[in-house]
file protein.cif (mmCIF, C-alpha atoms)
data_input
loop_
_atom_site.label_atom_id
_atom_site.label_comp_id
_atom_site.auth_asym_id
_atom_site.auth_seq_id
_atom_site.Cartn_x
_atom_site.Cartn_y
_atom_site.Cartn_z
CA MET C 1 10.96 17.26 -56.62
CA THR C 2 9.41 20.24 -54.95
CA PHE C 3 11.66 22.33 -52.73
CA SER C 4 10.49 24.02 -49.58
CA LEU C 5 11.97 25.17 -46.29
CA ASN C 6 9.83 22.54 -44.54
CA ASN C 7 11.79 19.85 -46.37
CA LEU C 8 14.97 21.22 -44.81
CA ALA C 9 13.46 20.90 -41.33
CA ASN C 10 14.48 17.27 -41.56
CA PRO C 11 18.21 17.22 -40.64
CA SER C 12 18.95 14.30 -42.98
CA ARG C 13 17.38 16.18 -45.91
CA PHE C 14 19.31 19.28 -44.87
CA LEU C 15 22.58 17.33 -44.92
CA SER C 16 21.79 16.07 -48.41
CA PHE C 17 20.89 19.60 -49.56
CA ALA C 18 24.07 21.06 -48.02
CA GLY C 19 26.22 18.41 -49.66
CA THR C 20 24.84 19.37 -53.08
CA VAL C 21 24.97 23.14 -52.64
CA ILE C 22 28.31 23.61 -50.84
CA PRO C 23 30.64 22.93 -53.84
CA TRP C 24 28.65 25.33 -56.06
CA LEU C 25 28.63 28.02 -53.37
CA ALA C 26 32.38 27.61 -52.86
CA ALA C 27 32.95 28.16 -56.59
CA LEU C 28 30.60 31.17 -56.65
CA THR C 29 32.36 32.70 -53.62
CA VAL C 30 35.81 32.39 -55.23
CA ILE C 31 34.59 33.83 -58.56
CA LEU C 32 32.87 36.81 -56.89
CA LEU C 33 35.86 37.49 -54.64
CA VAL C 34 38.28 37.47 -57.59
CA ILE C 35 36.06 39.78 -59.66
CA GLY C 36 35.32 42.03 -56.68
CA LEU C 37 38.95 42.40 -55.60
CA TYR C 38 40.05 43.06 -59.18
CA GLN C 39 37.41 45.78 -59.55
CA ALA C 40 38.21 47.23 -56.11
CA PHE C 41 41.92 47.62 -56.85
CA PHE C 42 42.18 48.00 -60.63
CA VAL C 43 38.85 49.34 -61.95
CA ALA C 44 37.28 51.52 -59.25
CA PRO C 45 38.47 55.13 -59.37
CA VAL C 46 40.05 57.01 -56.50
CA ASP C 47 37.56 58.99 -54.41
CA TYR C 48 37.91 62.76 -54.65
CA GLN C 49 37.90 63.15 -50.86
CA GLN C 50 39.20 59.87 -49.46
CA GLY C 51 41.79 59.16 -52.14
CA GLU C 52 43.04 55.54 -52.27
CA THR C 53 41.69 54.93 -48.76
CA VAL C 54 38.25 54.43 -50.33
CA ARG C 55 39.41 50.88 -51.21
CA ILE C 56 38.94 49.90 -47.54
CA MET C 57 35.21 50.51 -48.11
CA TYR C 58 35.04 47.40 -50.35
CA ILE C 59 35.63 45.12 -47.37
CA HIS C 60 34.34 47.32 -44.53
CA VAL C 61 30.83 47.91 -45.88
CA PRO C 62 30.13 44.32 -47.10
CA ALA C 63 31.39 43.04 -43.73
CA ALA C 64 28.92 45.41 -42.06
CA TRP C 65 26.04 44.09 -44.20
CA VAL C 66 26.92 40.49 -43.33
CA GLY C 67 27.72 41.19 -39.67
CA MET C 68 24.33 42.82 -39.10
CA GLY C 69 22.41 40.46 -41.39
CA CYS C 70 23.86 37.52 -39.50
CA TYR C 71 22.45 38.83 -36.23
CA ALA C 72 19.04 39.32 -37.89
CA LEU C 73 19.21 35.67 -38.96
CA ILE C 74 20.03 34.64 -35.37
CA ALA C 75 17.04 36.65 -34.09
CA ILE C 76 14.72 34.95 -36.61
CA ALA C 77 16.19 31.57 -35.68
CA ALA C 78 15.58 32.43 -32.01
CA LEU C 79 11.88 32.85 -32.83
CA GLY C 80 12.07 29.49 -34.60
CA THR C 81 13.51 27.92 -31.45
CA LEU C 82 11.10 29.50 -28.95
CA ILE C 83 7.84 29.62 -30.93
CA TRP C 84 7.89 27.06 -33.73
CA ARG C 85 10.46 24.69 -32.17
CA HIS C 86 12.00 24.20 -35.58
CA PRO C 87 14.56 21.39 -35.27
CA LEU C 88 17.26 23.31 -37.11
CA ALA C 89 16.60 26.82 -35.74
CA ASP C 90 18.85 26.34 -32.73
CA VAL C 91 21.55 24.79 -34.94
CA ALA C 92 21.33 27.74 -37.34
CA ALA C 93 21.61 30.30 -34.55
CA LYS C 94 24.48 28.58 -32.74
CA THR C 95 26.58 28.19 -35.87
CA ALA C 96 25.90 31.73 -37.12
CA ALA C 97 27.26 33.43 -33.98
CA PRO C 98 31.01 32.78 -34.50
CA ILE C 99 30.68 33.73 -38.18
CA GLY C 100 28.90 36.96 -37.26
CA ALA C 101 31.54 37.70 -34.63
CA ALA C 102 34.34 37.30 -37.19
CA PHE C 103 32.64 39.59 -39.73
CA THR C 104 31.93 42.16 -37.00
CA LEU C 105 35.59 42.06 -35.96
CA VAL C 106 36.45 42.80 -39.60
CA ILE C 107 34.07 45.80 -39.50
CA LEU C 108 35.70 47.18 -36.35
CA VAL C 109 39.31 46.65 -37.47
CA THR C 110 38.89 47.91 -41.04
CA GLY C 111 36.84 50.86 -39.77
CA SER C 112 39.60 51.80 -37.35
CA LEU C 113 42.23 51.53 -40.08
CA TRP C 114 40.10 53.77 -42.28
CA GLY C 115 39.38 56.20 -39.43
CA LYS C 116 42.99 56.98 -38.58
CA PRO C 117 43.95 58.60 -41.91
CA MET C 118 40.45 60.08 -42.52
CA TRP C 119 39.35 61.23 -39.03
CA GLY C 120 42.75 61.34 -37.34
CA THR C 121 41.79 58.67 -34.79
CA TYR C 122 41.40 54.90 -34.68
CA TRP C 123 38.41 55.05 -32.36
CA VAL C 124 35.80 57.44 -31.07
CA TRP C 125 32.89 56.61 -28.77
CA ASP C 126 30.20 57.79 -31.16
CA ALA C 127 26.86 56.02 -31.48
CA ARG C 128 27.63 54.00 -34.64
CA LEU C 129 31.00 52.68 -33.48
CA THR C 130 29.80 51.97 -29.96
CA SER C 131 26.66 50.13 -31.10
CA LEU C 132 28.80 48.02 -33.44
CA LEU C 133 31.10 47.17 -30.54
CA VAL C 134 27.98 46.16 -28.58
CA LEU C 135 27.03 43.87 -31.51
CA PHE C 136 30.46 42.22 -31.30
CA LEU C 137 30.07 41.76 -27.53
CA LEU C 138 26.59 40.28 -28.07
CA TYR C 139 28.09 37.70 -30.43
CA LEU C 140 30.74 36.83 -27.84
CA GLY C 141 28.04 36.58 -25.15
CA LEU C 142 25.99 34.18 -27.29
CA ILE C 143 29.04 32.01 -27.98
CA ALA C 144 29.90 31.95 -24.26
CA LEU C 145 26.32 31.02 -23.35
CA TRP C 146 26.28 28.08 -25.76
CA GLN C 147 29.66 26.94 -24.43
CA SER C 148 28.61 27.16 -20.78
CA ILE C 149 25.44 24.98 -20.95
CA ASP C 150 26.01 21.34 -21.78
CA ASP C 151 22.48 20.41 -22.89
CA PRO C 152 21.96 21.76 -26.45
CA GLY C 153 18.20 22.21 -25.92
CA ARG C 154 18.57 24.32 -22.79
CA ALA C 155 21.48 26.25 -24.26
CA GLY C 156 19.46 26.96 -27.39
CA ARG C 157 16.49 28.36 -25.47
CA ALA C 158 18.68 30.53 -23.20
CA ALA C 159 20.63 31.86 -26.18
CA ALA C 160 17.39 32.51 -28.09
CA ILE C 161 16.16 34.81 -25.31
CA LEU C 162 19.47 36.70 -25.23
CA ALA C 163 19.47 36.94 -29.03
CA LEU C 164 15.97 38.44 -29.09
CA VAL C 165 16.83 40.98 -26.38
CA GLY C 166 19.99 41.93 -28.28
CA ALA C 167 18.07 42.39 -31.54
CA ILE C 168 17.08 45.87 -30.33
CA ASN C 169 20.66 46.85 -31.16
CA LEU C 170 20.13 46.34 -34.92
CA PRO C 171 17.90 49.39 -35.53
CA ILE C 172 20.14 51.36 -33.15
CA ILE C 173 23.16 50.57 -35.36
CA LYS C 174 21.26 51.35 -38.57
CA PHE C 175 19.71 54.64 -37.45
CA SER C 176 22.44 55.79 -35.02
CA VAL C 177 23.85 58.11 -37.67
CA ASP C 178 20.42 59.77 -38.05
CA TRP C 179 19.38 59.88 -34.40
CA TRP C 180 22.64 61.24 -33.00
CA ASN C 181 25.39 63.56 -34.14
CA THR C 182 28.07 61.03 -35.06
CA LEU C 183 31.53 61.24 -36.59
CA HIS C 184 30.53 58.29 -38.78
CA GLN C 185 28.99 59.41 -42.07
CA PRO C 186 25.26 58.83 -42.71
CA ALA C 187 23.91 56.01 -44.91
CA SER C 188 24.98 56.34 -48.53
CA VAL C 189 23.82 53.09 -50.18
CA PHE C 190 20.48 51.92 -48.75
CA ARG C 191 18.51 55.19 -48.65
CA THR C 192 14.93 55.99 -49.55
CA ASP C 193 16.12 58.49 -52.17
CA GLY C 194 18.69 56.07 -53.67
CA PRO C 195 22.44 55.67 -53.27
CA THR C 196 24.62 58.77 -53.12
CA ILE C 197 27.71 56.88 -54.30
CA ASP C 198 28.82 57.07 -57.93
CA PRO C 199 28.06 53.87 -59.92
CA SER C 200 31.79 53.44 -60.64
CA LEU C 201 32.32 52.92 -56.90
CA LEU C 202 28.98 51.22 -56.28
CA THR C 203 29.44 48.32 -58.72
CA PRO C 204 32.58 46.87 -57.05
CA LEU C 205 30.92 47.42 -53.69
CA PHE C 206 27.92 45.30 -54.69
CA VAL C 207 30.16 42.59 -56.20
CA MET C 208 32.14 42.42 -52.94
CA GLY C 209 28.83 42.43 -51.05
CA GLY C 210 27.75 39.42 -53.11
CA ALA C 211 31.09 37.71 -52.43
CA PHE C 212 30.81 38.25 -48.67
CA LEU C 213 27.18 37.07 -48.68
CA ALA C 214 28.14 33.93 -50.62
CA LEU C 215 31.02 33.32 -48.19
CA PHE C 216 28.68 33.70 -45.23
CA VAL C 217 26.08 31.28 -46.63
CA LEU C 218 28.83 28.81 -47.54
CA LEU C 219 30.42 28.89 -44.08
CA HIS C 220 27.04 28.75 -42.37
CA LEU C 221 25.97 25.66 -44.31
CA ILE C 222 29.27 23.88 -43.52
CA ALA C 223 29.07 24.88 -39.84
CA MET C 224 25.43 23.73 -39.61
CA ARG C 225 26.36 20.39 -41.14
CA ALA C 226 29.21 20.01 -38.63
CA GLU C 227 26.88 20.89 -35.72
CA ILE C 228 24.25 18.34 -36.80
CA LEU C 229 26.94 15.68 -37.06
CA ARG C 230 28.39 16.72 -33.66
CA ARG C 231 24.99 16.11 -32.02
CA ARG C 232 24.69 12.73 -33.72
CA VAL C 233 28.18 11.80 -32.57
CA ARG C 234 27.31 12.91 -29.02
CA VAL C 235 24.21 10.68 -28.92
CA LEU C 236 26.07 7.71 -30.37
CA GLN C 237 28.93 8.13 -27.89
CA GLN C 238 26.44 8.25 -25.00
CA THR C 239 24.81 5.09 -26.35
CA GLN C 240 28.17 3.42 -26.65
CA VAL C 241 28.92 4.23 -23.00
CA ALA C 242 25.49 2.97 -21.91
CA GLN C 243 25.94 -0.27 -23.83
CA ALA C 244 29.39 -0.79 -22.35
CA ALA C 245 27.98 -0.29 -18.84
CA LEU C 246 25.20 -2.86 -19.47
CA SER C 247 27.47 -5.54 -20.90
CA MET O 1 52.32 48.05 -59.83
CA LEU O 2 49.28 49.44 -58.07
CA GLY O 3 50.08 52.64 -56.19
CA LEU O 4 48.10 52.99 -52.98
CA GLY O 5 49.25 56.47 -52.04
CA PRO O 6 50.42 57.78 -48.67
CA HIS O 7 47.96 55.62 -46.71
CA ALA O 8 49.05 52.32 -48.30
CA SER O 9 49.90 50.77 -44.92
CA PHE O 10 46.33 51.35 -43.68
CA ILE O 11 44.81 49.81 -46.83
CA ILE O 12 47.14 46.80 -46.78
CA GLY O 13 46.59 46.44 -43.02
CA ALA O 14 42.80 46.45 -43.46
CA TYR O 15 42.85 43.83 -46.24
CA GLY O 16 45.43 41.77 -44.32
CA ALA O 17 43.34 41.81 -41.14
CA ALA O 18 40.21 40.80 -43.07
CA PHE O 19 42.11 38.02 -44.87
CA VAL O 20 43.59 36.64 -41.62
CA THR O 21 40.29 36.84 -39.68
CA LEU O 22 38.11 35.32 -42.39
CA GLY O 23 40.82 32.83 -43.38
CA ALA O 24 41.07 31.57 -39.79
CA LEU O 25 37.27 31.30 -39.69
CA VAL O 26 37.20 29.25 -42.92
CA ILE O 27 39.95 26.91 -41.66
CA ALA O 28 38.30 26.42 -38.24
CA ILE O 29 34.88 25.62 -39.76
CA VAL O 30 36.23 23.26 -42.45
CA LEU O 31 38.42 21.39 -39.94
CA ASP O 32 35.51 21.02 -37.51
CA ASP O 33 33.28 19.67 -40.30
CA ARG O 34 35.94 17.11 -41.27
CA LYS O 35 36.46 16.09 -37.64
CA GLN O 36 32.74 15.46 -37.04
CA ARG O 37 32.40 13.47 -40.28
CA ARG O 38 35.41 11.37 -39.32
CA LEU O 39 34.07 10.72 -35.80
CA LEU O 40 30.63 9.71 -37.12
CA ALA O 41 32.11 7.44 -39.77
CA ASP O 42 34.31 5.82 -37.12
CA LEU O 43 31.33 5.12 -34.84
CA GLU O 44 29.26 3.71 -37.71
CA ARG O 45 32.18 1.53 -38.81
CA ARG O 46 32.14 0.01 -35.31
CA GLY O 47 28.44 -0.84 -35.73
CA ILE O 48 27.06 1.98 -33.55
CA THR O 49 24.35 3.55 -35.69
CA ARG O 50 21.18 5.59 -35.38
CA ARG O 51 17.85 3.73 -35.30
CA SER O 52 16.81 5.32 -38.62
CA SER O 53 20.07 4.18 -40.22
CA ALA O 54 19.63 0.70 -38.79
CA LYS O 55 16.20 0.40 -40.42
CA ARG O 56 17.76 1.09 -43.78
CA ARG O 57 20.54 -1.41 -43.04
CA PRO O 58 19.02 -4.31 -41.08
CA ALA O 59 22.36 -6.11 -40.73
CA ALA O 60 23.92 -3.32 -38.70
CA ALA O 61 23.91 -3.81 -34.94
CA PRO O 62 23.79 -2.69 -32.20
CA THR O 63 21.47 0.30 -32.63
CA VAL O 64 20.50 3.29 -30.52
CA THR O 65 17.06 4.18 -29.27
CA ARG O 66 17.39 7.98 -29.41
CA THR O 67 17.74 10.13 -32.47
CA ALA O 68 19.70 13.32 -32.73
CA PRO O 69 19.08 16.18 -35.16
#
call {"tool": "encode", "arguments": {"input": "protein.cif", "output": "C-alpha cells"}}
result
Amino acid sequence: MTFSLNNLANPSRFLSFAGTVIPWLAALTVILLVIGLYQAFFVAPVDYQQGETVRIMYIHVPAAWVGMGCYALIAIAALGTLIWRHPLADVAAKTAAPIGAAFTLVILVTGSLWGKPMWGTYWVWDARLTSLLVLFLLYLGLIALWQSIDDPGRAGRAAAILALVGAINLPIIKFSVDWWNTLHQPASVFRTDGPTIDPSLLTPLFVMGGAFLALFVLLHLIAMRAEILRRRVRVLQQTQVAQAALS
Amino acid sequence: MLGLGPHASFIIGAYGAAFVTLGALVIAIVLDDRKQRRLLADLERRGITRRSSAKRRPAAAPTVTRTAP
C-alpha cells in the first residue's frame, strides 16, 4: 500500500491511520519523556552561570519549539482551507489551537519562573516576551472565533484569515532578540554558525524536544479524530431530528 | 536525593506548572475523543448511520443523505 498525504484527505482513511499510529506514538512519547527527564535531572551538568536553574530550559525551550511550530502548522492549514479546500485542513487548524495555547502557556509560566532568579523579575515587556504573549492571545482569539460561529465551514474560513494575519508574529518572535535590545538572550541552538550550547546540555534538550514533539503529534491526532467524529455526530443528530419531524 | 540548589522552588514550580497544564490538556482531549466515539456508536446502534456506512451494510436503516468529514 502506498502512503501519501492525499490518502489522508479522506476522513475515513485518516481515522484508520490515526487508530494505527496513536498507540505507537503514545509509547514513543512516554519513552522519550522518561529518558529526557532522567537526563535533564540526573545526567546534564549544572550550568556555570545559571546553576541548577538551567533545568527549567529542558521544558521551556521544547515548549517554545512546539508552541511556535503549532502556529506555523495552523497557518499552513489555513492555506489548505482557503486555497486548496482540503477537507481536513480546517479540522487540523481548529484542533491545533488549544494544544498550541497550552504549550505557549507553559513557555510563559516556565520563562517567568526562570526569569525571577536569573533576571530578578517574573516579567518584562521586552520584544521576545511580549511577542510570545501576543502568540498566546492569538491562540485564544482563534479558539474564541471557532466557538462563536456555529457553522464549521464559516468558522473555519474566518479563523483561517485570522490565522494567516497572525502568522506575521512568528518571524517577530524568532528575530525579536536580534532586531531589538531585549533582556531575553539571543538564539543559542538554531543558529547559522551552529549551537553555542555544550553537547552535554544539548543532548537532553533535543531528547525533551523530541518528547514534546511526539506529545504534540499524539494529542493532535487524537483531537483531530474527536473533531471528525463530532461533525459526524452533529450531522446524524440533525438527521435524527429531521426524521422525527417528518414521521 | 537530587539537590536543586537555592532556586529549587522555581524549578519544581516550573515542572509542576508544565505537568498540570499538559496533563489537563491530555485528559481533556482523551475524554472528548471517548465522548464522541460513544455518541457515534450510540447513534449507529439506533440505526442512524451515514450513507457511506449504509452502503457497506445494506440492512441498516434509516440512512442520512448528507455526509460529514
call {"tool": "interface_residues", "arguments": {"input": "protein.cif", "of": "chain C", "to": "chain O", "cutoff": "8 Å", "atoms": "all atoms listed in the file", "output": "ChimeraX atom specification"}}
result
/C:10-11,41-42,51-53,55-56,59,87-88,99,102-103,105-106,109-110,113-114,117,219,222-223,225-233,235-237,239-240
call {"tool": "resolve_selection", "arguments": {"input": "protein.cif", "expression": "the PyMOL selection byres ((chain C and resi 90) around 10)", "output": "short mmCIF file (atom, residue, chain, number, x, y, z; two decimals) with C-alpha atoms, in the frame of the given file"}}
result
data_model
loop_
_atom_site.label_atom_id
_atom_site.label_comp_id
_atom_site.auth_asym_id
_atom_site.auth_seq_id
_atom_site.Cartn_x
_atom_site.Cartn_y
_atom_site.Cartn_z
CA ILE C 74 20.03 34.64 -35.37
CA ALA C 77 16.19 31.57 -35.68
CA ALA C 78 15.58 32.43 -32.01
CA LEU C 79 11.88 32.85 -32.83
CA GLY C 80 12.07 29.49 -34.60
CA THR C 81 13.51 27.92 -31.45
CA LEU C 82 11.10 29.50 -28.95
CA ARG C 85 10.46 24.69 -32.17
CA HIS C 86 12.00 24.20 -35.58
CA PRO C 87 14.56 21.39 -35.27
CA LEU C 88 17.26 23.31 -37.11
CA ALA C 89 16.60 26.82 -35.74
CA VAL C 91 21.55 24.79 -34.94
CA ALA C 92 21.33 27.74 -37.34
CA ALA C 93 21.61 30.30 -34.55
CA LYS C 94 24.48 28.58 -32.74
CA THR C 95 26.58 28.19 -35.87
CA ALA C 96 25.90 31.73 -37.12
CA PRO C 152 21.96 21.76 -26.45
CA GLY C 153 18.20 22.21 -25.92
CA ALA C 155 21.48 26.25 -24.26
CA GLY C 156 19.46 26.96 -27.39
CA ARG C 157 16.49 28.36 -25.47
CA ALA C 159 20.63 31.86 -26.18
CA ALA C 160 17.39 32.51 -28.09
CA MET C 224 25.43 23.73 -39.61
#
call {"tool": "resolve_selection", "arguments": {"input": "protein.cif", "expression": "the PyMOL selection byres ((chain C and resi 182-187) around 9)", "output": "list in words"}}
result
Trp119, Val124, Asp126, Ala127, Arg128, Leu129, Lys174, Phe175, Ser176, Val177, Asp178, Trp179, Trp180, Asn181, Ser188, Val189, Phe190, Arg191, Pro195 and Thr196 of chain C
call {"tool": "resolve_selection", "arguments": {"input": "protein.cif", "expression": "the PyMOL selection byres ((chain C and resi 165) around 12)", "output": "PyMOL selection string"}}
result
chain C and resi 71-72+74-75+78-79+135+138+142+158-164+166-170
call {"tool": "atom_distance", "arguments": {"input": "protein.cif", "atom1": "atom CA of C:Leu132", "atom2": "atom CA of C:Ala144"}}
result
18.5 Å
call {"tool": "closest_residue", "arguments": {"input": "protein.cif", "among": "C:Pro45, C:Gly120, C:Pro62, C:Gly141", "to": "C:Ala214", "atoms": "only C-alpha atoms"}}
result
C:Pro62
call {"tool": "closest_residue", "arguments": {"input": "protein.cif", "among": "C:Gln50, C:Thr104, C:Ser200, C:Thr130", "to": "C:Met68", "atoms": "only C-alpha atoms"}}
result
C:Thr104
call {"tool": "atom_distance", "arguments": {"input": "protein.cif", "atom1": "atom CA of C:Ala101", "atom2": "atom CA of C:Trp125"}}
result
19.8 Å
call {"tool": "atom_distance", "arguments": {"input": "protein.cif", "atom1": "atom CA of C:Phe206", "atom2": "atom CA of C:Phe14"}}
result
29.1 Å
call {"tool": "axis_aligned_box", "arguments": {"input": "protein.cif", "around": "stretch 230-245 of chain C", "padding_each_side": "6 Å", "output": "AutoDock Vina command-line options"}}
result
--center_x 26.8 --center_y 8.0 --center_z -26.3 --size_x 17.2 --size_y 29.5 --size_z 26.9
